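K.L.:
If it helps, the file is called start-v3.cif and holds mmCIF, C-alpha atoms:
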```cif
data_data
loop_
_atom_site.group_PDB
_atom_site.id
_atom_site.type_symbol
_atom_site.label_atom_id
_atom_site.label_comp_id
_atom_site.auth_asym_id
_atom_site.auth_seq_id
_atom_site.Cartn_x
_atom_site.Cartn_y
_atom_site.Cartn_z
ATOM 1 C CA LYS A 1 60.748 51.823 63.242
ATOM 2 C CA GLN A 2 57.776 53.425 64.965
ATOM 3 C CA GLU A 3 55.387 55.193 62.578
ATOM 4 C CA VAL A 4 52.807 57.597 63.986
ATOM 5 C CA THR A 5 49.856 58.819 61.936
ATOM 6 C CA GLN A 6 47.289 61.477 62.739
ATOM 7 C CA ILE A 7 44.081 61.761 60.779
ATOM 8 C CA PRO A 8 42.604 64.145 59.803
ATOM 9 C CA ALA A 9 45.361 66.636 59.067
ATOM 10 C CA ALA A 10 42.951 69.491 59.736
ATOM 11 C CA LEU A 11 39.413 70.078 60.927
ATOM 12 C CA SER A 12 37.159 73.033 61.570
ATOM 13 C CA VAL A 13 34.271 72.953 64.034
ATOM 14 C CA PRO A 14 31.810 75.475 65.487
ATOM 15 C CA GLU A 15 32.301 76.573 69.062
ATOM 16 C CA GLY A 16 30.755 74.190 71.576
ATOM 17 C CA GLU A 17 31.174 71.065 69.500
ATOM 18 C CA ASN A 18 33.180 68.163 70.932
ATOM 19 C CA LEU A 19 36.503 67.411 69.238
ATOM 20 C CA VAL A 20 37.804 63.916 68.500
ATOM 21 C CA LEU A 21 41.436 63.643 67.395
ATOM 22 C CA ASN A 22 42.937 60.328 66.321
ATOM 23 C CA CYS A 23 46.448 58.956 66.565
ATOM 24 C CA SER A 24 47.669 55.550 65.378
ATOM 25 C CA PHE A 25 51.054 53.904 65.815
ATOM 26 C CA THR A 26 52.623 50.797 64.333
ATOM 27 C CA ASP A 27 54.620 49.338 67.245
ATOM 28 C CA SER A 28 52.443 48.502 70.267
ATOM 29 C CA ALA A 29 55.484 48.018 72.532
ATOM 30 C CA ILE A 30 55.382 51.612 73.738
ATOM 31 C CA TYR A 31 56.365 53.132 77.066
ATOM 32 C CA ASN A 32 54.292 56.279 76.946
ATOM 33 C CA LEU A 33 51.982 58.218 74.702
ATOM 34 C CA GLN A 34 51.901 61.945 75.112
ATOM 35 C CA TRP A 35 49.592 64.545 73.575
ATOM 36 C CA PHE A 36 50.915 68.038 72.893
ATOM 37 C CA ARG A 37 49.483 71.325 71.725
ATOM 38 C CA GLN A 38 51.425 73.672 69.443
ATOM 39 C CA ASP A 39 50.374 77.230 68.684
ATOM 40 C CA PRO A 40 51.663 78.804 65.438
ATOM 41 C CA GLY A 41 55.382 79.499 65.620
ATOM 42 C CA LYS A 42 55.629 78.271 69.205
ATOM 43 C CA GLY A 43 56.977 75.309 71.110
ATOM 44 C CA LEU A 44 55.020 72.299 72.362
ATOM 45 C CA THR A 45 52.831 72.305 75.455
ATOM 46 C CA SER A 46 52.286 68.941 77.142
ATOM 47 C CA LEU A 47 48.591 68.144 77.572
ATOM 48 C CA LEU A 48 48.353 64.546 78.757
ATOM 49 C CA LEU A 49 50.674 61.614 79.330
ATOM 50 C CA ILE A 50 49.361 58.046 79.222
ATOM 51 C CA GLN A 51 51.671 55.358 80.518
ATOM 52 C CA SER A 52 51.691 52.013 78.744
ATOM 53 C CA SER A 53 49.837 50.373 81.663
ATOM 54 C CA GLN A 54 47.008 52.913 81.559
ATOM 55 C CA ARG A 55 43.960 53.106 79.326
ATOM 56 C CA GLU A 56 43.070 56.769 79.728
ATOM 57 C CA GLN A 57 43.927 60.087 81.320
ATOM 58 C CA THR A 58 41.762 63.123 81.997
ATOM 59 C CA SER A 59 42.506 66.777 82.621
ATOM 60 C CA GLY A 60 39.636 69.236 82.688
ATOM 61 C CA ARG A 61 37.877 69.172 79.316
ATOM 62 C CA LEU A 62 40.513 66.833 77.877
ATOM 63 C CA ASN A 63 40.372 63.054 77.892
ATOM 64 C CA ALA A 64 42.821 60.761 76.145
ATOM 65 C CA SER A 65 42.418 57.023 75.672
ATOM 66 C CA LEU A 66 44.992 54.420 74.727
ATOM 67 C CA ASP A 67 44.402 51.037 73.088
ATOM 68 C CA LYS A 68 47.795 49.409 72.669
ATOM 69 C CA SER A 69 46.443 46.261 71.055
ATOM 70 C CA SER A 70 44.999 48.206 68.144
ATOM 71 C CA GLY A 71 47.755 50.842 68.131
ATOM 72 C CA ARG A 72 45.406 53.774 68.661
ATOM 73 C CA SER A 73 44.904 56.761 70.906
ATOM 74 C CA THR A 74 42.098 59.291 70.861
ATOM 75 C CA LEU A 75 42.072 62.788 72.338
ATOM 76 C CA TYR A 76 38.625 64.144 73.213
ATOM 77 C CA ILE A 77 38.135 67.852 73.865
ATOM 78 C CA ALA A 78 34.714 68.643 75.267
ATOM 79 C CA ALA A 79 32.769 71.808 74.469
ATOM 80 C CA SER A 80 35.409 73.332 72.218
ATOM 81 C CA GLN A 81 36.293 77.022 72.446
ATOM 82 C CA PRO A 82 38.061 79.365 69.984
ATOM 83 C CA GLY A 83 41.086 79.250 72.309
ATOM 84 C CA ASP A 84 41.403 75.530 71.528
ATOM 85 C CA SER A 85 42.471 76.409 67.985
ATOM 86 C CA ALA A 86 45.968 74.982 67.550
ATOM 87 C CA THR A 87 47.842 71.990 66.173
ATOM 88 C CA TYR A 88 47.621 68.861 68.305
ATOM 89 C CA LEU A 89 50.432 66.334 68.130
ATOM 90 C CA CYS A 90 50.691 62.874 69.577
ATOM 91 C CA ALA A 91 54.016 61.248 70.332
ATOM 92 C CA VAL A 92 55.027 57.793 71.480
ATOM 93 C CA GLY A 93 58.214 56.652 73.125
ATOM 94 C CA GLU A 94 60.192 56.691 76.327
ATOM 95 C CA TYR A 95 62.809 59.366 75.775
ATOM 96 C CA LYS A 96 63.064 59.253 71.970
ATOM 97 C CA LEU A 97 59.651 60.488 70.915
ATOM 98 C CA SER A 98 58.163 59.601 67.543
ATOM 99 C CA PHE A 99 55.655 62.246 66.481
ATOM 100 C CA GLY A 100 52.750 62.340 64.127
ATOM 101 C CA ALA A 101 52.427 65.313 61.770
ATOM 102 C CA GLY A 102 49.592 66.724 63.862
ATOM 103 C CA THR A 103 45.969 67.736 63.434
ATOM 104 C CA THR A 104 45.334 71.455 62.990
ATOM 105 C CA VAL A 105 42.105 72.452 64.705
ATOM 106 C CA THR A 106 40.100 75.598 64.050
ATOM 107 C CA VAL A 107 37.202 76.366 66.365
ATOM 108 C CA ARG A 108 34.849 78.938 64.810
ATOM 109 C CA ALA A 109 33.151 81.435 67.104
ATOM 110 C CA ASP B 1 59.686 77.912 88.209
ATOM 111 C CA ALA B 2 61.050 78.695 84.782
ATOM 112 C CA GLY B 3 60.283 76.254 82.022
ATOM 113 C CA VAL B 4 62.705 75.047 79.388
ATOM 114 C CA THR B 5 64.520 78.088 78.011
ATOM 115 C CA GLN B 6 66.204 78.273 74.613
ATOM 116 C CA SER B 7 68.368 80.853 72.901
ATOM 117 C CA PRO B 8 68.484 82.481 70.482
ATOM 118 C CA THR B 9 64.816 82.567 69.502
ATOM 119 C CA HIS B 10 65.487 83.479 65.872
ATOM 120 C CA LEU B 11 68.611 83.550 63.748
ATOM 121 C CA ILE B 12 69.619 83.727 60.113
ATOM 122 C CA LYS B 13 72.771 82.039 58.831
ATOM 123 C CA THR B 14 74.433 81.618 55.467
ATOM 124 C CA ARG B 15 75.062 78.242 53.837
ATOM 125 C CA GLY B 16 78.312 76.723 55.042
ATOM 126 C CA GLN B 17 78.320 78.563 58.370
ATOM 127 C CA HIS B 18 78.169 77.062 61.820
ATOM 128 C CA VAL B 19 75.449 77.574 64.435
ATOM 129 C CA THR B 20 75.206 76.930 68.188
ATOM 130 C CA LEU B 21 71.843 76.682 69.913
ATOM 131 C CA ARG B 22 71.497 76.682 73.692
ATOM 132 C CA CYS B 23 69.044 75.145 76.114
ATOM 133 C CA SER B 24 68.482 75.303 79.863
ATOM 134 C CA PRO B 25 66.262 72.536 81.252
ATOM 135 C CA ILE B 26 63.692 72.886 83.989
ATOM 136 C CA SER B 27 65.366 73.060 87.388
ATOM 137 C CA GLY B 28 65.954 69.548 88.693
ATOM 138 C CA HIS B 29 65.709 67.924 85.270
ATOM 139 C CA LYS B 30 68.753 65.932 84.234
ATOM 140 C CA SER B 31 67.674 64.812 80.773
ATOM 141 C CA VAL B 32 67.782 67.033 77.688
ATOM 142 C CA SER B 33 66.713 66.133 74.161
ATOM 143 C CA TRP B 34 66.880 67.991 70.856
ATOM 144 C CA TYR B 35 64.356 67.838 68.018
ATOM 145 C CA GLN B 36 64.148 69.375 64.552
ATOM 146 C CA GLN B 37 60.744 70.455 63.251
ATOM 147 C CA VAL B 38 60.397 71.349 59.597
ATOM 148 C CA LEU B 39 57.333 73.379 58.663
ATOM 149 C CA GLY B 40 54.230 71.220 58.399
ATOM 150 C CA GLN B 41 55.807 68.140 59.978
ATOM 151 C CA GLY B 42 56.124 66.668 63.427
ATOM 152 C CA PRO B 43 59.407 67.059 65.332
ATOM 153 C CA GLN B 44 62.220 64.625 64.535
ATOM 154 C CA PHE B 45 64.504 63.333 67.284
ATOM 155 C CA ILE B 46 68.147 64.428 67.037
ATOM 156 C CA PHE B 47 69.878 63.711 70.383
ATOM 157 C CA GLN B 48 69.189 62.816 73.974
ATOM 158 C CA TYR B 49 71.547 63.427 76.912
ATOM 159 C CA TYR B 50 71.220 62.245 80.468
ATOM 160 C CA GLU B 51 73.736 62.954 83.208
ATOM 161 C CA LYS B 52 76.044 64.505 80.595
ATOM 162 C CA GLU B 53 76.201 61.325 78.493
ATOM 163 C CA GLU B 54 74.680 60.801 75.075
ATOM 164 C CA ARG B 55 71.897 58.236 75.429
ATOM 165 C CA GLY B 56 70.364 58.386 71.981
ATOM 166 C CA ARG B 57 70.971 59.727 68.505
ATOM 167 C CA GLY B 58 68.518 60.101 65.663
ATOM 168 C CA ASN B 59 69.107 59.740 61.951
ATOM 169 C CA PHE B 60 71.025 62.978 61.399
ATOM 170 C CA PRO B 61 74.421 63.506 59.737
ATOM 171 C CA ASP B 62 77.642 64.027 61.671
ATOM 172 C CA ARG B 63 77.367 67.754 61.029
ATOM 173 C CA PHE B 64 75.024 67.722 64.020
ATOM 174 C CA SER B 65 76.597 67.419 67.460
ATOM 175 C CA ALA B 66 75.588 68.234 71.007
ATOM 176 C CA ARG B 67 76.810 68.194 74.551
ATOM 177 C CA GLN B 68 75.481 68.574 78.067
ATOM 178 C CA PHE B 69 77.227 70.578 80.762
ATOM 179 C CA PRO B 70 77.612 69.892 84.503
ATOM 180 C CA ASN B 71 74.651 72.200 85.228
ATOM 181 C CA TYR B 72 72.586 70.053 82.767
ATOM 182 C CA SER B 73 72.249 72.819 80.180
ATOM 183 C CA SER B 74 72.965 71.776 76.628
ATOM 184 C CA GLU B 75 74.239 73.009 73.278
ATOM 185 C CA LEU B 76 73.347 71.810 69.804
ATOM 186 C CA ASN B 77 75.940 72.534 67.126
ATOM 187 C CA VAL B 78 75.407 72.303 63.396
ATOM 188 C CA ASN B 79 78.332 72.664 60.995
ATOM 189 C CA ALA B 80 78.392 73.380 57.264
ATOM 190 C CA LEU B 81 74.795 74.575 57.219
ATOM 191 C CA LEU B 82 72.561 73.602 54.312
ATOM 192 C CA LEU B 83 69.351 75.225 53.170
ATOM 193 C CA GLY B 84 67.523 72.103 54.358
ATOM 194 C CA ASP B 85 68.634 72.757 57.930
ATOM 195 C CA SER B 86 66.162 75.628 58.105
ATOM 196 C CA ALA B 87 63.717 74.573 60.825
ATOM 197 C CA LEU B 88 62.479 75.079 64.355
ATOM 198 C CA TYR B 89 64.889 73.429 66.787
ATOM 199 C CA LEU B 90 63.229 72.305 69.972
ATOM 200 C CA CYS B 91 64.805 71.408 73.261
ATOM 201 C CA ALA B 92 63.007 69.163 75.737
ATOM 202 C CA SER B 93 63.744 68.227 79.323
ATOM 203 C CA SER B 94 62.575 65.577 81.729
ATOM 204 C CA GLN B 95 63.447 64.577 85.273
ATOM 205 C CA SER B 96 64.866 61.217 84.488
ATOM 206 C CA TRP B 97 65.410 58.681 81.751
ATOM 207 C CA GLY B 98 64.456 55.132 81.171
ATOM 208 C CA TYR B 99 61.066 54.683 82.789
ATOM 209 C CA SER B 100 57.393 54.920 81.973
ATOM 210 C CA GLY B 101 55.548 57.984 83.188
ATOM 211 C CA ASN B 102 58.294 60.461 82.423
ATOM 212 C CA THR B 103 56.607 63.635 81.177
ATOM 213 C CA ILE B 104 58.683 65.526 78.633
ATOM 214 C CA TYR B 105 58.520 69.335 78.529
ATOM 215 C CA PHE B 106 59.490 71.448 75.533
ATOM 216 C CA GLY B 107 60.887 74.945 75.151
ATOM 217 C CA GLU B 108 59.673 77.591 72.694
ATOM 218 C CA GLY B 109 62.357 76.648 70.198
ATOM 219 C CA SER B 110 64.982 78.386 68.085
ATOM 220 C CA TRP B 111 63.975 79.327 64.558
ATOM 221 C CA LEU B 112 66.916 78.829 62.199
ATOM 222 C CA THR B 113 66.810 80.182 58.663
ATOM 223 C CA VAL B 114 69.662 79.284 56.316
ATOM 224 C CA VAL B 115 70.018 81.503 53.246
#
```
Hey, can you dump this file as structure tokens for me?

P.N.:
Amino acid sequence: KQEVTQIPAALSVPEGENLVLNCSFTDSAIYNLQWFRQDPGKGLTSLLLIQSSQREQTSGRLNASLDKSSGRSTLYIAASQPGDSATYLCAVGEYKLSFGAGTTVTVRA
Amino acid sequence: DAGVTQSPTHLIKTRGQHVTLRCSPISGHKSVSWYQQVLGQGPQFIFQYYEKEERGRGNFPDRFSARQFPNYSSELNVNALLLGDSALYLCASSQSWGYSGNTIYFGEGSWLTVV
């Protein structure tokens, strides 16, 4: 059974600081790893998808890396802004996604 | 284009009742999945349908059932509601099934409260 862990559960940073969010998974035989953002009481917004053959993906201020051998992915958010405050979830799988519990980020103005 | 749409957005039911939640996938998407998210946890996989056939089922009791219609929309049904069924129910859609690189898109969810 795939287990996904996200540490820390929460973090608070001042505006402008770079964010580093960690995700680890137990089964390295994954198809995809996807990062999502969830605002309070809302659904999930897809941020980045990394296929199993890739090592990283970038979109604007976001960069996600994937190391299958060590079972880890890292989401980097450059120059954080208050609007980045949300819960960030990583999920692994093809169609049946296994999620971590998320990291709740607060960016202080 | 419209994203994944779900209805109703909020509902309150009494223990023992039945509930039906509805989902319309993104136009052109043939795969629909359902997830349950309890407060403070990540979503848990319930069902996945592709081309109107069930392709996957999570570890949920038989009180949970779903189906997909010819237009690829989907319903999630829960019978004999328990207090523990209170959660955000999320629907997700994707273009296809069974290959790497398939981005999955989620709706805003249906908040179910069982009292």

K.L.:
Between range 14-70 of chain A and range 7-13 of chain B, at 12 Å or less, what are the per-residue closest atom pairs and their distances in Å? Count only C-alpha atoms, order by chain and rising residue number, and return it as a tab-separated table.

P.N.:
```
residue	atom	partner	partner_atom	distance
A:Gly41	CA	B:Thr9	CA	10.7
A:Lys42	CA	B:Thr9	CA	10.1
A:Gly43	CA	B:Thr9	CA	10.8
```

K.L.:
Could you write those residues out with C-alpha atoms, as a short mmCIF file (atom, residue, chain, number, x, y, z; two decimals), in the frame of the given file?

P.N.:
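Okay, this is what ended up in part19.cif:
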```
data_model
loop_
_atom_site.label_atom_id
_atom_site.label_comp_id
_atom_site.auth_asym_id
_atom_site.auth_seq_id
_atom_site.Cartn_x
_atom_site.Cartn_y
_atom_site.Cartn_z
CA GLY A 41 55.38 79.50 65.62
CA LYS A 42 55.63 78.27 69.20
CA GLY A 43 56.98 75.31 71.11
#
```

K.L.:
Could you tell me which residues of chain A sit within 6 Å of chain B when counting only C-alpha atoms, and give me the result as a ChimeraX atom specification?

P.N.:
/A:31,42-44,51,99-101

K.L.:
Given the file shown, enumerate the residues that the PyMOL selection byres ((chain B and resi 6) around 6) captures and present them as a PyMOL selection string.

P.N.:
chain B and resi 5+7+22-23

K.L.:
How many Å separate CA of Asn79 in chain B from CA of Gly93 in chain A?

P.N.:
28.4 Å

K.L.:
Can you give me, as a PyMOL selection string, the residues this file yields under the PyMOL selection byres ((chain A and resi 84) around 8)?

P.N.:
chain A and resi 80-83+85-86+105-107

K.L.:
Give me the residues near range 59-74 of chain A as an MDAnalysis selection string, where near means some atom within 12 Å (using all atoms listed in the file) and where sequence neighbours in that chain fewer than 6 positions away do not count.

P.N.:
chainID A and resid 2:7 16 18:37 46:53 80:81 84 88:92 100 103

K.L.:
With only C-alpha atoms as the counted atoms, please give the residues lying no more than 7 Å from Arg108 in chain A, apart from itself and same-chain residues fewer than 6 positions off, as a tab-separated table (two decimals) with C-alpha atoms, in the coordinates of the input.

P.N.:
```
chain	number	residue	atom	x	y	z
A	13	VAL	CA	34.27	72.95	64.03
A	14	PRO	CA	31.81	75.47	65.49
A	15	GLU	CA	32.30	76.57	69.06
A	82	PRO	CA	38.06	79.36	69.98
```

K.L.:
Name the closest residue to Val114 in chain B among the candidates B:His29, B:Val4, B:Gln17, B:Phe64; distances are taken between atoms, counting only C-alpha atoms.

P.N.:
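Of B:His29, B:Val4, B:Gln17, B:Phe64, the one nearest Val114 in chain B is B:Gln17, counting only C-alpha atoms.
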
K.L.:
Within 12 Å of (76.5, 70.2, 81.4) (file coordinates; all atoms listed in the file), which protein or nucleic acid residues are there? I'd like them as a ChimeraX atom specification.

P.N.:
/B:22-25,29-32,49-54,66-75

K.L.:
What is the CA of Ser98 in chain A-CA of Gln57 in chain A distance in Å, reported with one decimal?

P.N.:
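Distance reported for this atom pair: 19.8 Å.
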
K.L.:
Give me, please, the distance in Å between CA of Gln36 in chain B and CA of Arg15 in chain B, quoted to one decimal.

P.N.:
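CA of Gln36 in chain B sits 17.7 Å away from CA of Arg15 in chain B.
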
K.L.:
Output: range 6-107 of chain A of the preceding structure, restricted to C-alpha atoms, written as a CSV table (one decimal), in the first residue's frame.

P.N.:
```csv
chain,number,residue,atom,x,y,z
A,6,GLN,CA,4.3,15.5,4.1
A,7,ILE,CA,6.5,17.2,6.6
A,8,PRO,CA,6.1,19.8,8.1
A,9,ALA,CA,2.3,19.8,8.7
A,10,ALA,CA,2.4,23.6,8.8
A,11,LEU,CA,4.8,26.5,8.3
A,12,SER,CA,4.8,30.2,8.5
A,13,VAL,CA,7.2,32.5,6.6
A,14,PRO,CA,7.5,36.2,5.9
A,15,GLU,CA,6.7,37.5,2.5
A,16,GLY,CA,9.5,37.1,0.0
A,17,GLU,CA,11.0,34.1,1.5
A,18,ASN,CA,11.4,30.9,-0.6
A,19,LEU,CA,9.2,28.0,0.4
A,20,VAL,CA,10.4,24.3,0.4
A,21,LEU,CA,7.7,21.7,0.8
A,22,ASN,CA,8.6,18.0,1.2
A,23,CYS,CA,6.7,14.9,0.2
A,24,SER,CA,7.9,11.3,0.7
A,25,PHE,CA,6.3,8.0,-0.6
A,26,THR,CA,7.0,4.4,0.2
A,27,ASP,CA,6.5,2.7,-3.2
A,28,SER,CA,8.9,4.0,-5.9
A,29,ALA,CA,7.0,2.3,-8.7
A,30,ILE,CA,4.8,5.3,-9.3
A,31,TYR,CA,3.3,6.6,-12.6
A,32,ASN,CA,2.9,10.2,-11.7
A,33,LEU,CA,3.3,12.6,-8.8
A,34,GLN,CA,1.1,15.6,-8.7
A,35,TRP,CA,1.1,18.7,-6.5
A,36,PHE,CA,-2.1,20.4,-5.6
A,37,ARG,CA,-3.2,23.6,-3.8
A,38,GLN,CA,-6.3,23.7,-1.6
A,39,ASP,CA,-7.7,26.9,-0.2
A,40,PRO,CA,-9.9,26.6,3.0
A,41,GLY,CA,-13.2,24.9,2.2
A,42,LYS,CA,-12.4,24.6,-1.5
A,43,GLY,CA,-11.5,21.9,-4.0
A,44,LEU,CA,-8.0,21.1,-5.2
A,45,THR,CA,-6.2,23.0,-7.9
A,46,SER,CA,-3.6,21.2,-9.9
A,47,LEU,CA,-0.2,22.9,-9.8
A,48,LEU,CA,2.3,20.5,-11.3
A,49,LEU,CA,2.4,17.0,-12.7
A,50,ILE,CA,5.7,15.1,-12.8
A,51,GLN,CA,5.7,11.9,-14.8
A,52,SER,CA,7.7,8.9,-13.5
A,53,SER,CA,10.3,9.4,-16.3
A,54,GLN,CA,10.9,13.1,-15.4
A,55,ARG,CA,13.0,14.6,-12.6
A,56,GLU,CA,11.4,18.0,-12.4
A,57,GLN,CA,8.7,20.4,-13.7
A,58,THR,CA,8.5,24.2,-13.6
A,59,SER,CA,5.7,26.6,-13.8
A,60,GLY,CA,6.3,30.3,-13.1
A,61,ARG,CA,7.6,30.6,-9.5
A,62,LEU,CA,6.9,26.9,-8.8
A,63,ASN,CA,9.4,24.1,-9.3
A,64,ALA,CA,8.9,20.5,-8.3
A,65,SER,CA,11.5,17.8,-8.3
A,66,LEU,CA,11.1,14.0,-8.2
A,67,ASP,CA,13.6,11.4,-6.9
A,68,LYS,CA,12.0,8.0,-7.3
A,69,SER,CA,15.0,6.1,-5.9
A,70,SER,CA,14.7,7.9,-2.5
A,71,GLY,CA,10.9,8.2,-2.7
A,72,ARG,CA,10.9,12.0,-2.4
A,73,SER,CA,9.5,15.0,-4.1
A,74,THR,CA,10.1,18.7,-3.2
A,75,LEU,CA,8.0,21.7,-4.2
A,76,TYR,CA,9.8,25.0,-4.3
A,77,ILE,CA,7.9,28.3,-4.4
A,78,ALA,CA,10.1,31.3,-5.0
A,79,ALA,CA,9.6,34.7,-3.5
A,80,SER,CA,6.5,33.8,-1.6
A,81,GLN,CA,3.5,36.1,-1.5
A,82,PRO,CA,0.5,36.3,0.9
A,83,GLY,CA,-1.7,34.9,-1.9
A,84,ASP,CA,0.4,31.7,-1.6
A,85,SER,CA,-1.2,30.9,1.7
A,86,ALA,CA,-3.0,27.6,1.4
A,87,THR,CA,-2.6,23.9,2.0
A,88,TYR,CA,-0.4,22.1,-0.4
A,89,LEU,CA,-0.9,18.4,-1.1
A,90,CYS,CA,1.1,15.9,-3.0
A,91,ALA,CA,-0.4,12.8,-4.5
A,92,VAL,CA,1.1,9.8,-6.3
A,93,GLY,CA,-0.6,7.3,-8.6
A,94,GLU,CA,-2.0,6.8,-12.0
A,95,TYR,CA,-5.7,7.1,-11.6
A,96,LYS,CA,-6.0,6.1,-7.9
A,97,LEU,CA,-4.2,8.9,-6.2
A,98,SER,CA,-2.7,8.4,-2.7
A,99,PHE,CA,-2.5,11.8,-0.9
A,100,GLY,CA,-0.4,13.1,1.9
A,101,ALA,CA,-2.2,15.1,4.6
A,102,GLY,CA,-0.8,18.3,3.3
A,103,THR,CA,1.4,21.2,4.4
A,104,THR,CA,-0.5,24.3,5.5
A,105,VAL,CA,1.5,27.4,4.5
A,106,THR,CA,1.0,30.9,5.9
A,107,VAL,CA,2.9,33.8,4.2
```
